[in-house]
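What's in target.cif: mmCIF, C-alpha atoms and all ligand atoms
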data_data
#
loop_
_atom_site.group_PDB
_atom_site.id
_atom_site.type_symbol
_atom_site.label_atom_id
_atom_site.label_comp_id
_atom_site.auth_asym_id
_atom_site.auth_seq_id
_atom_site.Cartn_x
_atom_site.Cartn_y
_atom_site.Cartn_z
ATOM 1 C CA MET R 1 28.969 115.372 -62.799
ATOM 2 C CA ARG R 2 31.255 112.368 -63.074
ATOM 3 C CA ILE R 3 32.881 111.632 -66.423
ATOM 4 C CA ASP R 4 34.759 108.374 -66.676
ATOM 5 C CA LEU R 5 37.373 107.418 -69.210
ATOM 6 C CA LEU R 6 37.028 104.197 -71.151
ATOM 7 C CA ALA R 7 38.383 101.399 -69.005
ATOM 8 C CA GLY R 8 41.968 100.566 -69.892
ATOM 9 C CA ALA R 9 42.643 103.816 -71.810
ATOM 10 C CA SER R 10 45.435 106.158 -70.721
ATOM 11 C CA TYR R 11 44.631 109.769 -69.969
ATOM 12 C CA ASN R 12 45.083 112.089 -72.932
ATOM 13 C CA PRO R 13 44.275 115.712 -71.982
ATOM 14 C CA ALA R 14 44.238 116.797 -75.638
ATOM 15 C CA VAL R 15 41.202 114.743 -76.531
ATOM 16 C CA MET R 16 39.516 113.753 -73.294
ATOM 17 C CA PRO R 17 37.545 115.677 -70.720
ATOM 18 C CA ALA R 18 39.023 115.736 -67.227
ATOM 19 C CA PRO R 19 37.679 112.829 -65.226
ATOM 20 C CA VAL R 20 37.025 112.803 -61.484
ATOM 21 C CA PRO R 21 37.900 109.220 -60.705
ATOM 22 C CA THR R 22 37.064 106.803 -57.950
ATOM 23 C CA ILE R 23 40.315 105.118 -56.929
ATOM 24 C CA LEU R 24 40.240 101.826 -55.060
ATOM 25 C CA VAL R 25 43.357 101.089 -52.991
ATOM 26 C CA PHE R 26 43.533 97.466 -51.927
ATOM 27 C CA ASP R 27 45.646 95.502 -49.431
ATOM 28 C CA SER R 28 45.312 92.610 -46.995
ATOM 29 C CA GLY R 29 45.108 95.080 -44.128
ATOM 30 C CA LEU R 30 46.498 98.455 -43.187
ATOM 31 C CA GLY R 31 49.771 98.318 -45.137
ATOM 32 C CA GLY R 32 48.185 99.856 -48.209
ATOM 33 C CA LEU R 33 47.668 103.043 -46.223
ATOM 34 C CA THR R 34 51.317 103.879 -46.930
ATOM 35 C CA VAL R 35 50.463 103.826 -50.628
ATOM 36 C CA PHE R 36 47.071 105.480 -50.163
ATOM 37 C CA SER R 37 48.758 108.520 -48.525
ATOM 38 C CA GLU R 38 51.001 109.022 -51.556
ATOM 39 C CA VAL R 39 48.203 108.561 -54.089
ATOM 40 C CA LEU R 40 46.055 111.012 -52.121
ATOM 41 C CA LYS R 41 48.832 113.615 -52.491
ATOM 42 C CA VAL R 42 48.832 113.354 -56.296
ATOM 43 C CA ARG R 43 45.036 113.036 -56.732
ATOM 44 C CA PRO R 44 43.490 114.991 -53.845
ATOM 45 C CA ASP R 45 40.401 115.532 -56.005
ATOM 46 C CA ALA R 46 39.598 111.821 -56.370
ATOM 47 C CA ARG R 47 37.036 109.782 -54.493
ATOM 48 C CA PHE R 48 38.845 107.116 -52.527
ATOM 49 C CA VAL R 49 37.848 103.703 -51.322
ATOM 50 C CA TYR R 50 40.465 101.957 -49.210
ATOM 51 C CA ALA R 51 39.868 98.214 -48.956
ATOM 52 C CA GLY R 52 41.611 95.984 -46.413
ATOM 53 C CA ASP R 53 40.967 92.253 -46.711
ATOM 54 C CA ASP R 54 41.468 91.723 -42.993
ATOM 55 C CA ALA R 55 39.545 88.411 -43.127
ATOM 56 C CA GLY R 56 42.364 87.142 -45.365
ATOM 57 C CA PHE R 57 45.252 88.738 -43.434
ATOM 58 C CA PRO R 58 48.120 87.935 -43.519
ATOM 59 C CA TYR R 59 48.487 87.158 -47.219
ATOM 60 C CA GLY R 60 52.121 86.165 -46.650
ATOM 61 C CA ARG R 61 51.050 82.742 -45.371
ATOM 62 C CA LEU R 62 48.677 81.840 -48.251
ATOM 63 C CA SER R 63 49.675 79.582 -51.137
ATOM 64 C CA GLU R 64 49.738 81.224 -54.556
ATOM 65 C CA ALA R 65 46.574 79.359 -55.594
ATOM 66 C CA ALA R 66 44.672 80.306 -52.419
ATOM 67 C CA LEU R 67 45.814 83.923 -52.663
ATOM 68 C CA THR R 68 44.806 84.209 -56.306
ATOM 69 C CA ALA R 69 41.336 82.791 -55.619
ATOM 70 C CA ARG R 70 40.901 85.059 -52.617
ATOM 71 C CA VAL R 71 41.940 88.285 -54.318
ATOM 72 C CA LEU R 72 39.819 87.557 -57.397
ATOM 73 C CA SER R 73 36.705 86.983 -55.308
ATOM 74 C CA VAL R 74 37.213 90.011 -53.057
ATOM 75 C CA MET R 75 37.980 92.178 -56.075
ATOM 76 C CA GLU R 76 34.825 90.972 -57.816
ATOM 77 C CA ARG R 77 32.766 92.225 -54.872
ATOM 78 C CA LEU R 78 34.638 95.531 -54.535
ATOM 79 C CA ILE R 79 34.546 96.400 -58.217
ATOM 80 C CA GLY R 80 30.841 95.566 -58.311
ATOM 81 C CA LEU R 81 30.173 97.816 -55.337
ATOM 82 C CA TYR R 82 32.365 100.823 -56.077
ATOM 83 C CA ASP R 83 32.934 100.815 -59.847
ATOM 84 C CA PRO R 84 36.458 102.268 -59.578
ATOM 85 C CA ARG R 85 38.211 104.036 -62.421
ATOM 86 C CA LEU R 86 41.497 102.461 -61.314
ATOM 87 C CA VAL R 87 42.603 99.924 -58.713
ATOM 88 C CA VAL R 88 45.892 100.126 -56.847
ATOM 89 C CA VAL R 89 46.917 96.714 -55.526
ATOM 90 C CA ALA R 90 48.936 98.124 -52.630
ATOM 91 C CA CYS R 91 50.306 94.737 -51.665
ATOM 92 C CA ASN R 92 53.512 93.113 -52.879
ATOM 93 C CA THR R 93 52.449 89.655 -51.767
ATOM 94 C CA ALA R 94 49.371 89.860 -53.999
ATOM 95 C CA SER R 95 50.857 91.883 -56.870
ATOM 96 C CA THR R 96 53.757 89.478 -57.445
ATOM 97 C CA VAL R 97 51.287 86.738 -58.320
ATOM 98 C CA VAL R 98 47.746 88.020 -58.903
ATOM 99 C CA LEU R 99 48.127 90.897 -61.361
ATOM 100 C CA PRO R 100 47.924 88.791 -64.562
ATOM 101 C CA PRO R 101 44.661 87.017 -63.548
ATOM 102 C CA LEU R 102 43.181 90.297 -62.323
ATOM 103 C CA ARG R 103 43.923 91.962 -65.643
ATOM 104 C CA GLU R 104 42.478 89.030 -67.497
ATOM 105 C CA ARG R 105 39.243 89.037 -65.466
ATOM 106 C CA PHE R 106 38.498 92.767 -65.122
ATOM 107 C CA SER R 107 38.720 95.632 -67.600
ATOM 108 C CA VAL R 108 39.588 98.294 -65.000
ATOM 109 C CA PRO R 109 43.320 99.253 -64.967
ATOM 110 C CA PHE R 110 45.376 97.846 -62.081
ATOM 111 C CA VAL R 111 48.523 99.421 -60.685
ATOM 112 C CA GLY R 112 50.572 96.910 -58.719
ATOM 113 C CA THR R 113 53.225 97.169 -56.039
ATOM 114 C CA VAL R 114 56.370 95.070 -56.396
ATOM 115 C CA PRO R 115 59.667 95.136 -54.488
ATOM 116 C CA ALA R 116 61.794 98.151 -55.470
ATOM 117 C CA ILE R 117 64.778 96.042 -56.499
ATOM 118 C CA LYS R 118 65.856 98.214 -59.422
ATOM 119 C CA PRO R 119 65.955 101.460 -57.349
ATOM 120 C CA ALA R 120 67.764 99.553 -54.594
ATOM 121 C CA ALA R 121 70.427 98.316 -57.030
ATOM 122 C CA LEU R 122 70.875 101.860 -58.332
ATOM 123 C CA ALA R 123 71.156 103.313 -54.825
ATOM 124 C CA THR R 124 73.700 100.941 -53.286
ATOM 125 C CA ARG R 125 77.340 101.953 -52.968
ATOM 126 C CA THR R 126 78.565 98.784 -51.274
ATOM 127 C CA GLY R 127 76.682 96.365 -53.558
ATOM 128 C CA HIS R 128 74.936 94.789 -50.552
ATOM 129 C CA VAL R 129 71.182 95.161 -50.834
ATOM 130 C CA THR R 130 68.440 93.658 -48.691
ATOM 131 C CA VAL R 131 64.834 93.141 -49.722
ATOM 132 C CA LEU R 132 62.626 92.863 -46.655
ATOM 133 C CA ALA R 133 59.216 91.401 -47.516
ATOM 134 C CA THR R 134 56.741 88.678 -46.570
ATOM 135 C CA PRO R 135 57.725 85.009 -46.905
ATOM 136 C CA GLY R 136 55.352 84.813 -49.880
ATOM 137 C CA THR R 137 56.964 87.709 -51.739
ATOM 138 C CA VAL R 138 60.562 86.550 -51.292
ATOM 139 C CA ALA R 139 59.629 83.078 -52.572
ATOM 140 C CA ARG R 140 58.019 84.348 -55.788
ATOM 141 C CA ASP R 141 59.520 83.746 -59.226
ATOM 142 C CA TYR R 142 58.551 87.345 -59.958
ATOM 143 C CA THR R 143 60.855 88.624 -57.219
ATOM 144 C CA ARG R 144 63.699 86.324 -58.250
ATOM 145 C CA ASP R 145 63.335 87.537 -61.851
ATOM 146 C CA LEU R 146 63.536 91.168 -60.702
ATOM 147 C CA VAL R 147 66.765 90.365 -58.868
ATOM 148 C CA GLU R 148 68.233 88.649 -61.916
ATOM 149 C CA THR R 149 67.181 91.397 -64.306
ATOM 150 C CA TYR R 150 68.055 94.491 -62.288
ATOM 151 C CA ALA R 151 70.451 93.544 -59.545
ATOM 152 C CA GLY R 152 72.938 91.239 -61.202
ATOM 153 C CA CYS R 153 75.744 93.501 -60.012
ATOM 154 C CA CYS R 154 74.701 93.247 -56.328
ATOM 155 C CA LYS R 155 74.552 90.768 -53.530
ATOM 156 C CA VAL R 156 70.858 90.628 -52.779
ATOM 157 C CA ASN R 157 69.747 89.362 -49.402
ATOM 158 C CA LEU R 158 66.068 88.319 -49.499
ATOM 159 C CA VAL R 159 64.521 88.413 -46.026
ATOM 160 C CA GLY R 160 60.986 87.091 -45.524
ATOM 161 C CA SER R 161 59.483 88.088 -42.199
ATOM 162 C CA ARG R 162 56.520 86.181 -40.802
ATOM 163 C CA ARG R 163 55.725 88.703 -38.117
ATOM 164 C CA LEU R 164 56.388 92.238 -39.282
ATOM 165 C CA ALA R 165 53.087 92.832 -41.083
ATOM 166 C CA ALA R 166 51.192 91.996 -37.892
ATOM 167 C CA PHE R 167 53.602 94.203 -35.915
ATOM 168 C CA ALA R 168 52.787 97.086 -38.253
ATOM 169 C CA GLU R 169 49.051 96.541 -37.733
ATOM 170 C CA ALA R 170 49.616 96.522 -33.976
ATOM 171 C CA GLU R 171 51.650 99.731 -34.181
ATOM 172 C CA LEU R 172 48.882 101.554 -36.011
ATOM 173 C CA SER R 173 46.235 100.191 -33.680
ATOM 174 C CA GLY R 174 48.034 101.707 -30.700
ATOM 175 C CA ALA R 175 49.651 98.508 -29.343
ATOM 176 C CA PRO R 176 53.302 98.674 -30.470
ATOM 177 C CA VAL R 177 55.453 95.570 -29.938
ATOM 178 C CA PRO R 178 58.634 95.831 -27.856
ATOM 179 C CA ASP R 179 61.936 96.780 -29.496
ATOM 180 C CA GLU R 180 63.508 93.318 -29.001
ATOM 181 C CA GLU R 181 60.754 91.673 -31.033
ATOM 182 C CA LEU R 182 61.100 94.176 -33.833
ATOM 183 C CA LEU R 183 64.865 93.911 -33.824
ATOM 184 C CA ALA R 184 64.729 90.118 -34.080
ATOM 185 C CA GLU R 185 62.889 90.522 -37.418
ATOM 186 C CA LEU R 186 65.180 93.312 -38.587
ATOM 187 C CA ARG R 187 68.560 91.819 -37.732
ATOM 188 C CA PRO R 188 68.776 89.434 -40.762
ATOM 189 C CA CYS R 189 68.579 92.509 -43.016
ATOM 190 C CA PHE R 190 72.003 93.678 -41.900
ATOM 191 C CA VAL R 191 74.843 91.721 -43.461
ATOM 192 C CA GLU R 192 78.504 92.478 -43.001
ATOM 193 C CA GLY R 193 80.983 90.869 -45.399
ATOM 194 C CA GLU R 194 84.668 91.415 -46.138
ATOM 195 C CA ASP R 195 83.724 93.511 -49.136
ATOM 196 C CA GLY R 196 81.335 95.794 -47.263
ATOM 197 C CA ARG R 197 77.988 95.781 -45.541
ATOM 198 C CA THR R 198 74.328 96.334 -46.370
ATOM 199 C CA ASP R 199 73.638 99.963 -47.215
ATOM 200 C CA VAL R 200 70.158 99.724 -48.804
ATOM 201 C CA VAL R 201 67.012 98.007 -47.539
ATOM 202 C CA ALA R 202 64.048 97.871 -49.936
ATOM 203 C CA LEU R 203 60.760 97.609 -48.059
ATOM 204 C CA GLY R 204 58.967 94.971 -50.094
ATOM 205 C CA CYS R 205 55.775 94.939 -48.052
ATOM 206 C CA THR R 206 53.518 97.960 -47.837
ATOM 207 C CA HIS R 207 53.033 97.391 -44.116
ATOM 208 C CA TYR R 208 56.675 98.018 -43.312
ATOM 209 C CA PRO R 209 56.896 101.782 -43.895
ATOM 210 C CA LEU R 210 54.393 102.066 -41.004
ATOM 211 C CA LEU R 211 57.333 100.954 -38.828
ATOM 212 C CA LEU R 212 60.007 103.016 -40.565
ATOM 213 C CA ARG R 213 60.803 105.340 -37.668
ATOM 214 C CA ARG R 214 61.311 102.397 -35.379
ATOM 215 C CA PHE R 215 63.429 100.604 -37.989
ATOM 216 C CA GLN R 216 65.627 103.679 -38.282
ATOM 217 C CA ALA R 217 66.042 103.876 -34.519
ATOM 218 C CA LEU R 218 66.840 100.169 -34.148
ATOM 219 C CA ALA R 219 69.073 99.654 -37.193
ATOM 220 C CA PRO R 220 72.602 98.520 -36.242
ATOM 221 C CA TRP R 221 73.949 101.077 -38.752
ATOM 222 C CA PRO R 222 72.343 103.667 -41.006
ATOM 223 C CA VAL R 223 71.042 102.468 -44.369
ATOM 224 C CA THR R 224 68.861 103.884 -47.140
ATOM 225 C CA TRP R 225 65.299 102.566 -46.775
ATOM 226 C CA ILE R 226 63.336 102.371 -50.010
ATOM 227 C CA ASP R 227 59.570 102.738 -49.931
ATOM 228 C CA PRO R 228 58.009 102.344 -53.405
ATOM 229 C CA ALA R 229 54.840 104.315 -52.590
ATOM 230 C CA PRO R 230 55.815 107.617 -54.320
ATOM 231 C CA ALA R 231 56.658 105.723 -57.524
ATOM 232 C CA ILE R 232 53.254 104.014 -57.406
ATOM 233 C CA ALA R 233 51.541 107.376 -57.058
ATOM 234 C CA ARG R 234 53.409 108.618 -60.134
ATOM 235 C CA ARG R 235 52.194 105.593 -62.068
ATOM 236 C CA VAL R 236 48.610 106.430 -61.073
ATOM 237 C CA THR R 237 48.875 109.909 -62.579
ATOM 238 C CA GLN R 238 50.489 108.488 -65.714
ATOM 239 C CA LEU R 239 47.402 106.348 -66.180
ATOM 240 C CA ILE R 240 44.610 108.710 -65.196
ATOM 241 C CA GLY R 241 46.185 112.133 -65.309
ATOM 242 C CA PRO R 242 46.770 114.931 -62.787
ATOM 243 C CA PRO R 243 44.053 116.389 -60.502
ATOM 244 C CA VAL R 244 40.983 117.890 -62.102
ATOM 245 C CA PRO R 245 41.410 121.684 -61.755
ATOM 246 C CA GLY R 246 38.947 123.333 -59.420
ATOM 247 C CA HIS R 247 37.573 120.065 -58.097
ATOM 248 C CA GLU R 248 37.857 119.496 -54.356
ATOM 249 C CA ALA R 249 37.110 116.029 -53.056
ATOM 250 C CA ASP R 250 34.833 115.874 -50.068
ATOM 251 C CA GLU R 251 37.183 114.638 -47.326
ATOM 252 C CA ASP R 252 34.278 113.180 -45.394
ATOM 253 C CA GLU R 253 33.487 110.830 -48.267
ATOM 254 C CA ALA R 254 36.702 108.780 -48.231
ATOM 255 C CA LEU R 255 35.730 105.288 -47.212
ATOM 256 C CA ALA R 256 37.596 102.379 -45.644
ATOM 257 C CA VAL R 257 36.059 98.951 -46.152
ATOM 258 C CA PHE R 258 37.143 95.768 -44.385
ATOM 259 C CA THR R 259 36.153 92.150 -44.984
ATOM 260 C CA SER R 260 35.998 91.226 -41.304
ATOM 261 C CA GLY R 261 36.385 94.250 -39.071
ATOM 262 C CA ALA R 262 37.309 91.978 -36.156
ATOM 263 C CA GLY R 263 40.255 94.143 -35.089
ATOM 264 C CA ILE R 264 38.562 97.511 -35.395
ATOM 265 C CA THR R 265 39.175 99.312 -32.112
ATOM 266 C CA PRO R 266 38.648 103.000 -31.288
ATOM 267 C CA ALA R 267 42.425 103.559 -31.751
ATOM 268 C CA PHE R 268 42.233 101.861 -35.138
ATOM 269 C CA ARG R 269 39.354 104.131 -36.218
ATOM 270 C CA GLU R 270 41.296 107.133 -34.999
ATOM 271 C CA ALA R 271 44.333 106.077 -37.037
ATOM 272 C CA LEU R 272 42.159 105.728 -40.129
ATOM 273 C CA ARG R 273 40.653 109.148 -39.553
ATOM 274 C CA ASP R 274 44.148 110.644 -39.198
ATOM 275 C CA LYS R 275 45.100 109.083 -42.518
ATOM 276 C CA GLY R 276 42.079 110.679 -44.221
ATOM 277 C CA LEU R 277 39.548 107.838 -43.964
ATOM 278 C CA PRO R 278 36.721 108.941 -41.685
ATOM 279 C CA LEU R 279 34.132 106.405 -42.869
ATOM 280 C CA VAL R 280 34.474 102.712 -42.085
ATOM 281 C CA THR R 281 32.266 99.925 -43.343
ATOM 282 C CA ILE R 282 32.349 96.111 -43.292
ATOM 283 C CA GLU R 283 31.754 93.855 -46.303
ATOM 284 C CA ASP R 284 31.707 90.527 -44.531
ATOM 285 C CA MET R 285 33.740 88.024 -46.577
ATOM 286 C CA PRO R 286 35.140 85.217 -44.440
ATOM 287 C CA LEU R 287 38.201 83.413 -45.792
ATOM 288 C CA LEU R 288 37.064 79.912 -46.659
ATOM 289 C CA GLN R 289 40.367 78.383 -47.681
ATOM 290 C CA GLY R 290 43.845 78.844 -46.196
HETATM 291 N N1 LIG E 1 51.009 94.533 -47.209
HETATM 292 C C1 LIG E 1 51.265 93.311 -47.865
HETATM 293 C C2 LIG E 1 52.435 93.382 -48.821
HETATM 294 O O1 LIG E 1 52.760 94.439 -49.325
HETATM 295 C C3 LIG E 1 51.174 91.992 -47.216
HETATM 296 C C4 LIG E 1 51.094 91.711 -45.777
HETATM 297 C C5 LIG E 1 50.433 90.344 -45.555
HETATM 298 O O2 LIG E 1 49.208 90.305 -45.643
HETATM 299 O O3 LIG E 1 51.144 89.350 -45.335
HETATM 300 O O4 LIG E 1 53.038 92.401 -49.140
#
Represent the structure from my file as structure tokens, please.
Amino acid sequence: MRIDLLAGASYNPAVMPAPVPTILVFDSGLGGLTVFSEVLKVRPDARFVYAGDDAGFPYGRLSEAALTARVLSVMERLIGLYDPRLVVVACNTASTVVLPPLRERFSVPFVGTVPAIKPAALATRTGHVTVLATPGTVARDYTRDLVETYAGCCKVNLVGSRRLAAFAEAELSGAPVPDEELLAELRPCFVEGEDGRTDVVALGCTHYPLLLRRFQALAPWPVTWIDPAPAIARRVTQLIGPPVPGHEADEDEALAVFTSGAGITPAFREALRDKGLPLVTIEDMPLLQG
């Protein structure tokens, strides 16, 4: 039997029965899989729906108004279909602008993903920090405010890449791009000044950890790479509690839903299966405005 908490309430084990939630993890494409994997570790009992708005991909090129309208309409459809207990917006580009209107429109709790600027500022020894994200995310007031609030003591290098999210999709679909192309996107992250050089790179797009091994191999010098996914998973359990004891989720039930499905190849399906998403479905939602 499924017992849901009241929407918006935090989990309180003293007074509430243990819920078995449906968790919706949302991104423009495959980047949210890096967050999904971490959330799956902390709530292996949950039912998962992974939603990739591939008809809208990449979000990094959309204006704030177009992105807000797009995410609200896709979310409307997804929430109507799957009735999630909680939604993880596993996308920095969307979270840095769309969380307030989402929370205003829907009563379900949303957990967002924003660049890990505070952890980066705490981790640096040289004071040179890079935030690697989409052009949309680095341009946001939200991101600039995070820098001002948490990284006043550092030199923060904001790098917006137009191509890396698509490179990450290609990597997972079995068509990796050559090293030179990857390195061209990565090089601006590495700054060398008289007072030291970059020692921390915060990955401010959920697609980028899919390329982490290649980043590590290509980096001109070693740095600490920060992926916010484990922190997001912790936030999920703060909101809806730890796994329900004795409840095993049916692995074959985890569903991936896409709004176009145009790029779904056998290798892509295989990658989804490997990540724990054996079922794939299409909710056709063409992007009408760019
Ligand atoms: N994965 C997304 C993010 O975290 C965005 C990639 C895109 O659609 O541009 O920002």
Self-check item: Ground truth for the PyMOL selection byres (((chain R and resi 44) around 9) and not hetatm), written as a list in words
Solution: Val39, Leu40, Lys41, Val42, Arg43, Asp45, Ala46, Arg47, Pro243, His247, Glu248 and Ala249 of chain R
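Distances from R:Leu24, R:Leu212, R:Leu132, R:Leu99 to Leu81 (chain R) were compared using only C-alpha atoms, and the smallest one belongs to R:Leu24.
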Practice problem: With a distance cut-off of 8 Å and only C-alpha atoms, select the neighbouring residues of region 69-80 of chain R, excluding the residue or stretch itself and same-chain residues fewer than 5 positions from it, and output the selection as an MDAnalysis selection string. | Solution: chainID R and resid 53 56 94 98 101:102 285 287
Quiz prompt | Straight-line distance linking CA of Glu180 (chain R) with CA of Pro209 (chain R), stated in Å to one decimal | solution = 18.4 Å
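For the residues R:Ala256, R:Gly32, R:Ser37, R:Leu210, ranking by smallest atom-to-atom distance to Arg269 (chain R) using only C-alpha atoms places R:Ala256 first.
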Practice problem: May I ask which of the residues R:Val138, R:Ala133, R:Leu203, R:Val87 is the closest one to Ser161 (chain R), counting all atoms listed in the file? | Solution: R:Ala133
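With CA of Pro222 (chain R) on one side and CA of Phe190 (chain R) on the other, the separation reads 10.0 Å.
Shortest atom-to-atom contact with Val280 (chain R) among R:Ala139, R:Ile264, R:Ala219, R:Val257: R:Val257, counting all atoms listed in the file.
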Neighbour list for Cys205 (chain R) as a PDB file with C-alpha atoms, keeping the file's coordinate frame, cut-off 7 Å, all atoms listed in the file, skip fewer than 2 positions in-chain:
ATOM      1  CA  CYS R  91      50.306  94.737 -51.665  1.00  0.00           C
ATOM      2  CA  ASN R  92      53.512  93.113 -52.879  1.00  0.00           C
ATOM      3  CA  ALA R 133      59.216  91.401 -47.516  1.00  0.00           C
ATOM      4  CA  THR R 134      56.741  88.678 -46.570  1.00  0.00           C
ATOM      5  CA  LEU R 203      60.760  97.609 -48.059  1.00  0.00           C
ATOM      6  CA  HIS R 207      53.033  97.391 -44.116  1.00  0.00           C
ATOM      7  CA  TYR R 208      56.675  98.018 -43.312  1.00  0.00           C
TER       8      TYR R 208
END
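Interatomic distance, CA of Leu122 (chain R) against CA of Glu192 (chain R): 19.5 Å.
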Exercise. Within 10 Å of ligand LIG 1 (chain E), which residues show up when you count only C-alpha atoms and all ligand atoms? List them as a ChimeraX atom specification, please.
Key: /R:26-35,52-54,56-62,89-96,112-115,132-138,161-166,168-169,203-209
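Proximity of R:Leu67, R:Leu186, R:Ala175, R:Val147 to Gly160 (chain R), computed with all atoms listed in the file, is greatest for R:Leu186.
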Practice problem: For each of R:Phe215, R:Phe268, R:Phe110, R:Phe167, take the minimum atom-to-atom distance to Leu239 (chain R), counting only C-alpha atoms, then give the residue where this is smallest. | Solution: R:Phe110
Practice problem: Excluding Ala116 (chain R) and residues on its chain fewer than 3 positions from it, collect all residues at most 9 Å away from it, counting all atoms listed in the file, and give them as number ranges by chain. | Solution: R: 113, 119-121, 131, 146, 202-204, 226-228
Practice problem: Write out as number ranges by chain the residues lying within 6 Å of region 123-129 of chain R, counting all atoms listed in the file and excluding same-chain residues fewer than 4 positions away. | Solution: R: 154-156, 196-198, 200
Restricting the output to C-alpha atoms, write the selected residues as a JSON list (two decimals), in the coordinates of the input.
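Produced file part_28.json, reproduced below:
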[["chain", "number", "residue", "atom", "x", "y", "z"],
["R", 154, "CYS", "CA", 74.70, 93.25, -56.33],
["R", 155, "LYS", "CA", 74.55, 90.77, -53.53],
["R", 156, "VAL", "CA", 70.86, 90.63, -52.78],
["R", 196, "GLY", "CA", 81.33, 95.79, -47.26],
["R", 197, "ARG", "CA", 77.99, 95.78, -45.54],
["R", 198, "THR", "CA", 74.33, 96.33, -46.37],
["R", 200, "VAL", "CA", 70.16, 99.72, -48.80]]
Exercise. Please provide as a ChimeraX atom specification all residues within 7 Å of Phe48 (chain R), with the sequence filter that same-chain residues fewer than 4 positions apart are discarded (counting all atoms listed in the file).
Key: /R:22-24,254-255
Could the residues in this selection be written to a file with C-alpha atoms, as a PDB file, in the frame of the given file?
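Final output, saved to part01.pdb:
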ATOM      1  CA  THR R  22      37.064 106.803 -57.950  1.00  0.00           C
ATOM      2  CA  ILE R  23      40.315 105.118 -56.929  1.00  0.00           C
ATOM      3  CA  LEU R  24      40.240 101.826 -55.060  1.00  0.00           C
ATOM      4  CA  ALA R 254      36.702 108.780 -48.231  1.00  0.00           C
ATOM      5  CA  LEU R 255      35.730 105.288 -47.212  1.00  0.00           C
TER       6      LEU R 255
END
